[in-house]
Amino acid sequence: RDQEHYERGLRLAGEQRLEDARRELELALEANPGHADSLEVLGVVFERLGELERAIEVTQRLIAVAPLSIMGHANLSRFYMLQGRIPEAEEMQGKARVLGWREQLTE
């Protein structure tokens, strides 16, 4: 069920139906609190809804669940930048960059 809710949430987010997407993604996370894809998209949905603190909280959960998530670190960097937290933003961007390089080397 988590995957079904995730896929609906992703589609709804793409259609800019953000509140509906949020609900679906939260249902996915109720079914599976560690569903990394749902955490990633939910963070972006919260950011688009203007809820940066919640976006950061969810994205930090993503990184805790999936520490090698390039997008998790990149999104967290962007959210920090939007808050004017430049040092934290640069740190997360650096981590995303290193993870990207690491991924390229293993391909």
# chains A, B, ... in the order shown; residues from 1 in each chain; ligands from 1

call {"tool": "residues_around", "arguments": {"residues": "region 79-95 of chain A", "least_positions_apart": "2", "cutoff": "10 Å", "atoms": "only C-alpha atoms", "output": "ChimeraX atom specification"}}
result
/A:43-44,47,52-53,55-56,59,68-77,97-101

call {"tool": "residues_around", "arguments": {"residues": "Ser38 (chain A)", "least_positions_apart": "4", "cutoff": "10 Å", "atoms": "only C-alpha atoms", "output": "ChimeraX atom specification"}}
result
/A:2-3,5-7,9-10,22,24-29,32-34,42-43,58,62

call {"tool": "write_last_selection", "arguments": {"atoms": "N, CA and C atoms", "output": "CSV table (one decimal), in the first residue's frame"}}
result
chain,number,residue,atom,x,y,z
A,2,ASP,N,2.0,1.2,0.6
A,2,ASP,CA,2.8,2.4,0.7
A,2,ASP,C,3.2,2.9,-0.8
A,3,GLN,N,3.5,1.9,-1.6
A,3,GLN,CA,3.9,2.3,-3.0
A,3,GLN,C,2.7,2.9,-3.8
A,5,HIS,N,0.2,4.6,-2.5
A,5,HIS,CA,0.0,6.0,-2.0
A,5,HIS,C,1.1,6.9,-2.5
A,6,TYR,N,2.3,6.4,-2.5
A,6,TYR,CA,3.5,7.2,-3.1
A,6,TYR,C,3.2,7.5,-4.5
A,7,GLU,N,2.9,6.6,-5.3
A,7,GLU,CA,2.7,6.9,-6.8
A,7,GLU,C,1.5,7.8,-7.0
A,9,GLY,N,0.6,10.1,-4.8
A,9,GLY,CA,1.1,11.4,-4.3
A,9,GLY,C,2.0,12.1,-5.3
A,10,LEU,N,2.9,11.3,-5.9
A,10,LEU,CA,3.8,11.8,-6.9
A,10,LEU,C,3.0,12.4,-8.1
A,22,ARG,N,0.1,15.8,-0.4
A,22,ARG,CA,0.6,15.6,1.0
A,22,ARG,C,-0.2,14.5,1.7
A,24,GLU,N,-1.7,11.8,0.4
A,24,GLU,CA,-1.3,10.5,-0.1
A,24,GLU,C,0.1,10.1,0.4
A,25,LEU,N,1.0,11.1,0.4
A,25,LEU,CA,2.4,10.8,0.9
A,25,LEU,C,2.4,10.4,2.4
A,26,GLU,N,1.6,11.2,3.1
A,26,GLU,CA,1.5,10.8,4.6
A,26,GLU,C,0.9,9.5,4.8
A,27,LEU,N,0.0,9.1,4.0
A,27,LEU,CA,-0.6,7.7,4.1
A,27,LEU,C,0.5,6.7,3.7
A,28,ALA,N,1.3,7.0,2.7
A,28,ALA,CA,2.4,6.1,2.4
A,28,ALA,C,3.3,5.9,3.6
A,29,LEU,N,3.6,7.0,4.3
A,29,LEU,CA,4.5,6.9,5.4
A,29,LEU,C,3.9,6.3,6.6
A,32,ASN,N,4.5,2.8,5.8
A,32,ASN,CA,6.0,2.5,5.8
A,32,ASN,C,6.7,3.7,6.2
A,33,PRO,N,7.0,4.0,7.5
A,33,PRO,CA,7.7,5.2,7.9
A,33,PRO,C,9.1,5.4,7.2
A,34,GLY,N,9.7,4.4,6.7
A,34,GLY,CA,11.0,4.5,6.1
A,34,GLY,C,10.9,4.6,4.6
A,42,LEU,N,7.6,14.4,-0.3
A,42,LEU,CA,6.8,15.1,0.8
A,42,LEU,C,7.6,16.4,1.2
A,43,GLY,N,8.9,16.3,1.3
A,43,GLY,CA,9.7,17.4,1.6
A,43,GLY,C,9.5,18.5,0.5
A,58,VAL,N,11.1,16.8,7.3
A,58,VAL,CA,10.9,15.6,6.5
A,58,VAL,C,12.2,15.2,5.8
A,62,LEU,N,14.5,11.8,5.8
A,62,LEU,CA,15.0,11.1,4.6
A,62,LEU,C,16.4,10.8,4.7

call {"tool": "atom_distance", "arguments": {"atom1": "CA of Ala66 (chain A)", "atom2": "CA of Gly14 (chain A)"}}
result
23.2 Å

call {"tool": "atom_distance", "arguments": {"atom1": "CA of Gln104 (chain A)", "atom2": "CA of Ala64 (chain A)"}}
result
22.3 Å

call {"tool": "select_by_dssp", "arguments": {"residues": "chain A", "states": "alpha helix (DSSP H)", "output": "PDB file with N, CA and C atoms, in the first residue's frame"}}
result
ATOM      1  N   ASP A   2       2.008   1.213   0.622  1.00  0.00           N
ATOM      2  CA  ASP A   2       2.842   2.413   0.654  1.00  0.00           C
ATOM      3  C   ASP A   2       3.203   2.870  -0.755  1.00  0.00           C
ATOM      4  N   GLN A   3       3.530   1.923  -1.627  1.00  0.00           N
ATOM      5  CA  GLN A   3       3.920   2.273  -2.990  1.00  0.00           C
ATOM      6  C   GLN A   3       2.747   2.875  -3.766  1.00  0.00           C
ATOM      7  N   GLU A   4       1.556   2.354  -3.549  1.00  0.00           N
ATOM      8  CA  GLU A   4       0.375   2.895  -4.225  1.00  0.00           C
ATOM      9  C   GLU A   4       0.127   4.345  -3.808  1.00  0.00           C
ATOM     10  N   HIS A   5       0.203   4.596  -2.508  1.00  0.00           N
ATOM     11  CA  HIS A   5       0.009   5.964  -2.011  1.00  0.00           C
ATOM     12  C   HIS A   5       1.115   6.885  -2.528  1.00  0.00           C
ATOM     13  N   TYR A   6       2.349   6.364  -2.543  1.00  0.00           N
ATOM     14  CA  TYR A   6       3.463   7.161  -3.065  1.00  0.00           C
ATOM     15  C   TYR A   6       3.221   7.545  -4.527  1.00  0.00           C
ATOM     16  N   GLU A   7       2.851   6.576  -5.337  1.00  0.00           N
ATOM     17  CA  GLU A   7       2.652   6.851  -6.762  1.00  0.00           C
ATOM     18  C   GLU A   7       1.521   7.848  -6.986  1.00  0.00           C
ATOM     19  N   ARG A   8       0.439   7.727  -6.204  1.00  0.00           N
ATOM     20  CA  ARG A   8      -0.647   8.716  -6.313  1.00  0.00           C
ATOM     21  C   ARG A   8      -0.155  10.091  -5.869  1.00  0.00           C
ATOM     22  N   GLY A   9       0.584  10.122  -4.775  1.00  0.00           N
ATOM     23  CA  GLY A   9       1.109  11.391  -4.273  1.00  0.00           C
ATOM     24  C   GLY A   9       2.041  12.054  -5.265  1.00  0.00           C
ATOM     25  N   LEU A  10       2.884  11.274  -5.899  1.00  0.00           N
ATOM     26  CA  LEU A  10       3.808  11.804  -6.899  1.00  0.00           C
ATOM     27  C   LEU A  10       3.039  12.387  -8.084  1.00  0.00           C
ATOM     28  N   ARG A  11       2.026  11.657  -8.541  1.00  0.00           N
ATOM     29  CA  ARG A  11       1.209  12.144  -9.662  1.00  0.00           C
ATOM     30  C   ARG A  11       0.489  13.436  -9.283  1.00  0.00           C
ATOM     31  N   LEU A  12      -0.093  13.468  -8.096  1.00  0.00           N
ATOM     32  CA  LEU A  12      -0.813  14.663  -7.644  1.00  0.00           C
ATOM     33  C   LEU A  12       0.127  15.860  -7.493  1.00  0.00           C
ATOM     34  N   ALA A  13       1.329  15.613  -6.999  1.00  0.00           N
ATOM     35  CA  ALA A  13       2.308  16.699  -6.878  1.00  0.00           C
ATOM     36  C   ALA A  13       2.639  17.248  -8.257  1.00  0.00           C
ATOM     37  N   GLY A  14       2.785  16.367  -9.225  1.00  0.00           N
ATOM     38  CA  GLY A  14       3.061  16.792 -10.599  1.00  0.00           C
ATOM     39  C   GLY A  14       1.932  17.606 -11.189  1.00  0.00           C
ATOM     40  N   LEU A  18      -1.240  19.967  -4.395  1.00  0.00           N
ATOM     41  CA  LEU A  18      -0.277  19.757  -3.325  1.00  0.00           C
ATOM     42  C   LEU A  18      -0.889  19.227  -2.037  1.00  0.00           C
ATOM     43  N   GLU A  19      -2.048  19.710  -1.640  1.00  0.00           N
ATOM     44  CA  GLU A  19      -2.669  19.196  -0.415  1.00  0.00           C
ATOM     45  C   GLU A  19      -3.060  17.731  -0.582  1.00  0.00           C
ATOM     46  N   ASP A  20      -3.585  17.387  -1.750  1.00  0.00           N
ATOM     47  CA  ASP A  20      -3.928  15.984  -2.015  1.00  0.00           C
ATOM     48  C   ASP A  20      -2.664  15.126  -2.037  1.00  0.00           C
ATOM     49  N   ALA A  21      -1.614  15.643  -2.626  1.00  0.00           N
ATOM     50  CA  ALA A  21      -0.336  14.922  -2.658  1.00  0.00           C
ATOM     51  C   ALA A  21       0.182  14.713  -1.245  1.00  0.00           C
ATOM     52  N   ARG A  22       0.115  15.752  -0.433  1.00  0.00           N
ATOM     53  CA  ARG A  22       0.573  15.636   0.962  1.00  0.00           C
ATOM     54  C   ARG A  22      -0.164  14.516   1.677  1.00  0.00           C
ATOM     55  N   ARG A  23      -1.479  14.473   1.520  1.00  0.00           N
ATOM     56  CA  ARG A  23      -2.265  13.433   2.197  1.00  0.00           C
ATOM     57  C   ARG A  23      -1.855  12.034   1.739  1.00  0.00           C
ATOM     58  N   GLU A  24      -1.692  11.849   0.446  1.00  0.00           N
ATOM     59  CA  GLU A  24      -1.298  10.530  -0.074  1.00  0.00           C
ATOM     60  C   GLU A  24       0.088  10.120   0.430  1.00  0.00           C
ATOM     61  N   LEU A  25       1.007  11.062   0.431  1.00  0.00           N
ATOM     62  CA  LEU A  25       2.368  10.751   0.870  1.00  0.00           C
ATOM     63  C   LEU A  25       2.404  10.440   2.362  1.00  0.00           C
ATOM     64  N   GLU A  26       1.587  11.151   3.131  1.00  0.00           N
ATOM     65  CA  GLU A  26       1.522  10.846   4.566  1.00  0.00           C
ATOM     66  C   GLU A  26       0.918   9.467   4.808  1.00  0.00           C
ATOM     67  N   LEU A  27      -0.043   9.066   3.973  1.00  0.00           N
ATOM     68  CA  LEU A  27      -0.596   7.708   4.074  1.00  0.00           C
ATOM     69  C   LEU A  27       0.474   6.670   3.736  1.00  0.00           C
ATOM     70  N   ALA A  28       1.289   6.961   2.732  1.00  0.00           N
ATOM     71  CA  ALA A  28       2.392   6.050   2.394  1.00  0.00           C
ATOM     72  C   ALA A  28       3.329   5.891   3.582  1.00  0.00           C
ATOM     73  N   LEU A  29       3.589   6.998   4.269  1.00  0.00           N
ATOM     74  CA  LEU A  29       4.513   6.950   5.399  1.00  0.00           C
ATOM     75  C   LEU A  29       3.880   6.318   6.634  1.00  0.00           C
ATOM     76  N   GLU A  30       2.567   6.378   6.751  1.00  0.00           N
ATOM     77  CA  GLU A  30       1.905   5.638   7.827  1.00  0.00           C
ATOM     78  C   GLU A  30       2.099   4.140   7.608  1.00  0.00           C
ATOM     79  N   ALA A  31       1.989   3.713   6.354  1.00  0.00           N
ATOM     80  CA  ALA A  31       2.166   2.297   6.022  1.00  0.00           C
ATOM     81  C   ALA A  31       3.625   1.872   6.145  1.00  0.00           C
ATOM     82  N   ALA A  36      11.619   5.991   1.564  1.00  0.00           N
ATOM     83  CA  ALA A  36      12.489   7.115   1.214  1.00  0.00           C
ATOM     84  C   ALA A  36      11.910   7.979   0.097  1.00  0.00           C
ATOM     85  N   ASP A  37      11.343   7.380  -0.920  1.00  0.00           N
ATOM     86  CA  ASP A  37      10.793   8.166  -2.026  1.00  0.00           C
ATOM     87  C   ASP A  37       9.662   9.072  -1.549  1.00  0.00           C
ATOM     88  N   SER A  38       8.825   8.556  -0.656  1.00  0.00           N
ATOM     89  CA  SER A  38       7.733   9.382  -0.118  1.00  0.00           C
ATOM     90  C   SER A  38       8.282  10.539   0.696  1.00  0.00           C
ATOM     91  N   LEU A  39       9.307  10.285   1.481  1.00  0.00           N
ATOM     92  CA  LEU A  39       9.926  11.359   2.265  1.00  0.00           C
ATOM     93  C   LEU A  39      10.503  12.433   1.353  1.00  0.00           C
ATOM     94  N   GLU A  40      11.158  12.014   0.280  1.00  0.00           N
ATOM     95  CA  GLU A  40      11.756  12.982  -0.641  1.00  0.00           C
ATOM     96  C   GLU A  40      10.698  13.886  -1.263  1.00  0.00           C
ATOM     97  N   VAL A  41       9.639  13.283  -1.793  1.00  0.00           N
ATOM     98  CA  VAL A  41       8.592  14.074  -2.458  1.00  0.00           C
ATOM     99  C   VAL A  41       7.825  14.908  -1.442  1.00  0.00           C
ATOM    100  N   LEU A  42       7.561  14.364  -0.258  1.00  0.00           N
ATOM    101  CA  LEU A  42       6.830  15.125   0.753  1.00  0.00           C
ATOM    102  C   LEU A  42       7.604  16.369   1.172  1.00  0.00           C
ATOM    103  N   GLY A  43       8.917  16.261   1.268  1.00  0.00           N
ATOM    104  CA  GLY A  43       9.720  17.440   1.585  1.00  0.00           C
ATOM    105  C   GLY A  43       9.531  18.537   0.548  1.00  0.00           C
ATOM    106  N   VAL A  44       9.537  18.170  -0.715  1.00  0.00           N
ATOM    107  CA  VAL A  44       9.342  19.137  -1.797  1.00  0.00           C
ATOM    108  C   VAL A  44       7.924  19.709  -1.754  1.00  0.00           C
ATOM    109  N   VAL A  45       6.948  18.866  -1.473  1.00  0.00           N
ATOM    110  CA  VAL A  45       5.562  19.343  -1.376  1.00  0.00           C
ATOM    111  C   VAL A  45       5.435  20.377  -0.262  1.00  0.00           C
ATOM    112  N   PHE A  46       6.017  20.089   0.898  1.00  0.00           N
ATOM    113  CA  PHE A  46       5.961  21.064   1.987  1.00  0.00           C
ATOM    114  C   PHE A  46       6.630  22.382   1.593  1.00  0.00           C
ATOM    115  N   GLU A  47       7.754  22.284   0.898  1.00  0.00           N
ATOM    116  CA  GLU A  47       8.435  23.513   0.457  1.00  0.00           C
ATOM    117  C   GLU A  47       7.524  24.310  -0.471  1.00  0.00           C
ATOM    118  N   ARG A  48       6.866  23.639  -1.402  1.00  0.00           N
ATOM    119  CA  ARG A  48       5.969  24.325  -2.340  1.00  0.00           C
ATOM    120  C   ARG A  48       4.752  24.911  -1.637  1.00  0.00           C
ATOM    121  N   LEU A  52       8.502  25.595   5.081  1.00  0.00           N
ATOM    122  CA  LEU A  52       9.925  25.228   5.027  1.00  0.00           C
ATOM    123  C   LEU A  52      10.383  24.411   6.225  1.00  0.00           C
ATOM    124  N   GLU A  53       9.909  24.747   7.413  1.00  0.00           N
ATOM    125  CA  GLU A  53      10.336  23.982   8.593  1.00  0.00           C
ATOM    126  C   GLU A  53       9.929  22.515   8.462  1.00  0.00           C
ATOM    127  N   ARG A  54       8.717  22.283   7.993  1.00  0.00           N
ATOM    128  CA  ARG A  54       8.269  20.898   7.805  1.00  0.00           C
ATOM    129  C   ARG A  54       9.037  20.236   6.676  1.00  0.00           C
ATOM    130  N   ALA A  55       9.355  20.994   5.623  1.00  0.00           N
ATOM    131  CA  ALA A  55      10.154  20.445   4.524  1.00  0.00           C
ATOM    132  C   ALA A  55      11.511  19.995   5.046  1.00  0.00           C
ATOM    133  N   ILE A  56      12.116  20.809   5.871  1.00  0.00           N
ATOM    134  CA  ILE A  56      13.423  20.474   6.442  1.00  0.00           C
ATOM    135  C   ILE A  56      13.319  19.256   7.346  1.00  0.00           C
ATOM    136  N   GLU A  57      12.305  19.214   8.182  1.00  0.00           N
ATOM    137  CA  GLU A  57      12.123  18.088   9.102  1.00  0.00           C
ATOM    138  C   GLU A  57      11.977  16.767   8.341  1.00  0.00           C
ATOM    139  N   VAL A  58      11.147  16.762   7.318  1.00  0.00           N
ATOM    140  CA  VAL A  58      10.916  15.550   6.535  1.00  0.00           C
ATOM    141  C   VAL A  58      12.181  15.151   5.778  1.00  0.00           C
ATOM    142  N   THR A  59      12.900  16.126   5.256  1.00  0.00           N
ATOM    143  CA  THR A  59      14.105  15.818   4.488  1.00  0.00           C
ATOM    144  C   THR A  59      15.220  15.331   5.406  1.00  0.00           C
ATOM    145  N   GLN A  60      15.259  15.817   6.626  1.00  0.00           N
ATOM    146  CA  GLN A  60      16.214  15.279   7.593  1.00  0.00           C
ATOM    147  C   GLN A  60      15.884  13.828   7.922  1.00  0.00           C
ATOM    148  N   ARG A  61      14.586  13.514   7.990  1.00  0.00           N
ATOM    149  CA  ARG A  61      14.176  12.113   8.180  1.00  0.00           C
ATOM    150  C   ARG A  61      14.633  11.265   7.000  1.00  0.00           C
ATOM    151  N   LEU A  62      14.494  11.812   5.782  1.00  0.00           N
ATOM    152  CA  LEU A  62      14.953  11.095   4.587  1.00  0.00           C
ATOM    153  C   LEU A  62      16.435  10.763   4.709  1.00  0.00           C
ATOM    154  N   ILE A  63      17.230  11.738   5.083  1.00  0.00           N
ATOM    155  CA  ILE A  63      18.678  11.523   5.176  1.00  0.00           C
ATOM    156  C   ILE A  63      19.013  10.516   6.277  1.00  0.00           C
ATOM    157  N   ALA A  64      18.218  10.502   7.346  1.00  0.00           N
ATOM    158  CA  ALA A  64      18.436   9.514   8.402  1.00  0.00           C
ATOM    159  C   ALA A  64      18.150   8.104   7.890  1.00  0.00           C
ATOM    160  N   VAL A  65      17.126   7.970   7.055  1.00  0.00           N
ATOM    161  CA  VAL A  65      16.730   6.676   6.502  1.00  0.00           C
ATOM    162  C   VAL A  65      17.647   6.275   5.344  1.00  0.00           C
ATOM    163  N   ILE A  70      21.395  11.513  -2.638  1.00  0.00           N
ATOM    164  CA  ILE A  70      21.916  12.748  -3.235  1.00  0.00           C
ATOM    165  C   ILE A  70      20.834  13.823  -3.208  1.00  0.00           C
ATOM    166  N   MET A  71      19.624  13.457  -3.637  1.00  0.00           N
ATOM    167  CA  MET A  71      18.537  14.432  -3.690  1.00  0.00           C
ATOM    168  C   MET A  71      18.158  14.922  -2.295  1.00  0.00           C
ATOM    169  N   GLY A  72      18.239  14.063  -1.304  1.00  0.00           N
ATOM    170  CA  GLY A  72      17.947  14.489   0.059  1.00  0.00           C
ATOM    171  C   GLY A  72      18.873  15.609   0.497  1.00  0.00           C
ATOM    172  N   HIS A  73      20.166  15.424   0.255  1.00  0.00           N
ATOM    173  CA  HIS A  73      21.133  16.454   0.630  1.00  0.00           C
ATOM    174  C   HIS A  73      20.972  17.713  -0.223  1.00  0.00           C
ATOM    175  N   ALA A  74      20.729  17.533  -1.521  1.00  0.00           N
ATOM    176  CA  ALA A  74      20.558  18.685  -2.412  1.00  0.00           C
ATOM    177  C   ALA A  74      19.304  19.482  -2.036  1.00  0.00           C
ATOM    178  N   ASN A  75      18.203  18.773  -1.755  1.00  0.00           N
ATOM    179  CA  ASN A  75      16.979  19.475  -1.367  1.00  0.00           C
ATOM    180  C   ASN A  75      17.156  20.190  -0.033  1.00  0.00           C
ATOM    181  N   LEU A  76      17.804  19.531   0.914  1.00  0.00           N
ATOM    182  CA  LEU A  76      18.028  20.164   2.209  1.00  0.00           C
ATOM    183  C   LEU A  76      18.884  21.418   2.039  1.00  0.00           C
ATOM    184  N   SER A  77      19.863  21.353   1.162  1.00  0.00           N
ATOM    185  CA  SER A  77      20.673  22.528   0.858  1.00  0.00           C
ATOM    186  C   SER A  77      19.803  23.671   0.347  1.00  0.00           C
ATOM    187  N   ARG A  78      18.921  23.347  -0.576  1.00  0.00           N
ATOM    188  CA  ARG A  78      18.036  24.368  -1.151  1.00  0.00           C
ATOM    189  C   ARG A  78      17.107  24.960  -0.085  1.00  0.00           C
ATOM    190  N   PHE A  79      16.564  24.109   0.772  1.00  0.00           N
ATOM    191  CA  PHE A  79      15.663  24.596   1.818  1.00  0.00           C
ATOM    192  C   PHE A  79      16.411  25.516   2.787  1.00  0.00           C
ATOM    193  N   TYR A  80      17.628  25.124   3.155  1.00  0.00           N
ATOM    194  CA  TYR A  80      18.431  25.988   4.030  1.00  0.00           C
ATOM    195  C   TYR A  80      18.730  27.321   3.345  1.00  0.00           C
ATOM    196  N   MET A  81      19.029  27.272   2.059  1.00  0.00           N
ATOM    197  CA  MET A  81      19.313  28.494   1.310  1.00  0.00           C
ATOM    198  C   MET A  81      18.102  29.427   1.346  1.00  0.00           C
ATOM    199  N   LEU A  82      16.915  28.862   1.172  1.00  0.00           N
ATOM    200  CA  LEU A  82      15.701  29.669   1.204  1.00  0.00           C
ATOM    201  C   LEU A  82      15.488  30.327   2.560  1.00  0.00           C
ATOM    202  N   ILE A  86      23.113  29.972   5.083  1.00  0.00           N
ATOM    203  CA  ILE A  86      24.123  29.724   4.053  1.00  0.00           C
ATOM    204  C   ILE A  86      25.147  28.655   4.454  1.00  0.00           C
ATOM    205  N   PRO A  87      25.724  28.708   5.656  1.00  0.00           N
ATOM    206  CA  PRO A  87      26.717  27.674   5.997  1.00  0.00           C
ATOM    207  C   PRO A  87      26.139  26.257   5.944  1.00  0.00           C
ATOM    208  N   GLU A  88      24.910  26.083   6.474  1.00  0.00           N
ATOM    209  CA  GLU A  88      24.277  24.766   6.439  1.00  0.00           C
ATOM    210  C   GLU A  88      23.968  24.359   5.000  1.00  0.00           C
ATOM    211  N   ALA A  89      23.522  25.329   4.195  1.00  0.00           N
ATOM    212  CA  ALA A  89      23.219  25.056   2.792  1.00  0.00           C
ATOM    213  C   ALA A  89      24.477  24.594   2.058  1.00  0.00           C
ATOM    214  N   GLU A  90      25.580  25.281   2.282  1.00  0.00           N
ATOM    215  CA  GLU A  90      26.828  24.904   1.616  1.00  0.00           C
ATOM    216  C   GLU A  90      27.308  23.529   2.068  1.00  0.00           C
ATOM    217  N   GLU A  91      27.140  23.229   3.353  1.00  0.00           N
ATOM    218  CA  GLU A  91      27.554  21.918   3.854  1.00  0.00           C
ATOM    219  C   GLU A  91      26.749  20.808   3.182  1.00  0.00           C
ATOM    220  N   MET A  92      25.439  20.971   3.098  1.00  0.00           N
ATOM    221  CA  MET A  92      24.598  19.954   2.466  1.00  0.00           C
ATOM    222  C   MET A  92      24.891  19.842   0.972  1.00  0.00           C
ATOM    223  N   GLN A  93      25.149  20.965   0.312  1.00  0.00           N
ATOM    224  CA  GLN A  93      25.483  20.930  -1.116  1.00  0.00           C
ATOM    225  C   GLN A  93      26.790  20.173  -1.334  1.00  0.00           C
ATOM    226  N   GLY A  94      27.752  20.403  -0.445  1.00  0.00           N
ATOM    227  CA  GLY A  94      29.016  19.675  -0.538  1.00  0.00           C
ATOM    228  C   GLY A  94      28.817  18.179  -0.378  1.00  0.00           C
ATOM    229  N   LYS A  95      27.967  17.788   0.569  1.00  0.00           N
ATOM    230  CA  LYS A  95      27.696  16.360   0.765  1.00  0.00           C
ATOM    231  C   LYS A  95      27.012  15.768  -0.462  1.00  0.00           C
ATOM    232  N   ALA A  96      26.075  16.512  -1.038  1.00  0.00           N
ATOM    233  CA  ALA A  96      25.396  16.024  -2.247  1.00  0.00           C
ATOM    234  C   ALA A  96      26.400  15.838  -3.373  1.00  0.00           C
ATOM    235  N   ARG A  97      27.305  16.782  -3.512  1.00  0.00           N
ATOM    236  CA  ARG A  97      28.309  16.717  -4.578  1.00  0.00           C
ATOM    237  C   ARG A  97      29.214  15.491  -4.399  1.00  0.00           C
ATOM    238  N   VAL A  98      29.678  15.259  -3.175  1.00  0.00           N
ATOM    239  CA  VAL A  98      30.547  14.106  -2.909  1.00  0.00           C
ATOM    240  C   VAL A  98      29.799  12.802  -3.176  1.00  0.00           C
ATOM    241  N   LEU A  99      28.539  12.731  -2.755  1.00  0.00           N
ATOM    242  CA  LEU A  99      27.749  11.529  -3.018  1.00  0.00           C
ATOM    243  C   LEU A  99      27.562  11.310  -4.519  1.00  0.00           C
ATOM    244  N   GLY A 100      27.373  12.389  -5.257  1.00  0.00           N
ATOM    245  CA  GLY A 100      27.250  12.287  -6.711  1.00  0.00           C
ATOM    246  C   GLY A 100      28.528  11.768  -7.347  1.00  0.00           C
ATOM    247  N   TRP A 101      29.652  12.286  -6.897  1.00  0.00           N
ATOM    248  CA  TRP A 101      30.939  11.807  -7.426  1.00  0.00           C
ATOM    249  C   TRP A 101      31.122  10.331  -7.103  1.00  0.00           C
ATOM    250  N   ARG A 102      30.801   9.971  -5.877  1.00  0.00           N
ATOM    251  CA  ARG A 102      30.945   8.589  -5.440  1.00  0.00           C
ATOM    252  C   ARG A 102      30.095   7.668  -6.314  1.00  0.00           C
ATOM    253  N   GLU A 103      28.884   8.114  -6.596  1.00  0.00           N
ATOM    254  CA  GLU A 103      27.994   7.315  -7.441  1.00  0.00           C
ATOM    255  C   GLU A 103      28.560   7.166  -8.859  1.00  0.00           C
ATOM    256  N   GLN A 104      29.124   8.230  -9.400  1.00  0.00           N
ATOM    257  CA  GLN A 104      29.708   8.168 -10.741  1.00  0.00           C
ATOM    258  C   GLN A 104      30.883   7.198 -10.790  1.00  0.00           C
ATOM    259  N   LEU A 105      31.671   7.179  -9.735  1.00  0.00           N
ATOM    260  CA  LEU A 105      32.847   6.301  -9.711  1.00  0.00           C
ATOM    261  C   LEU A 105      32.460   4.832  -9.632  1.00  0.00           C
ATOM    262  N   THR A 106      31.307   4.546  -9.067  1.00  0.00           N
ATOM    263  CA  THR A 106      30.898   3.146  -8.927  1.00  0.00           C
ATOM    264  C   THR A 106      30.131   2.640 -10.143  1.00  0.00           C
TER     265      THR A 106
END
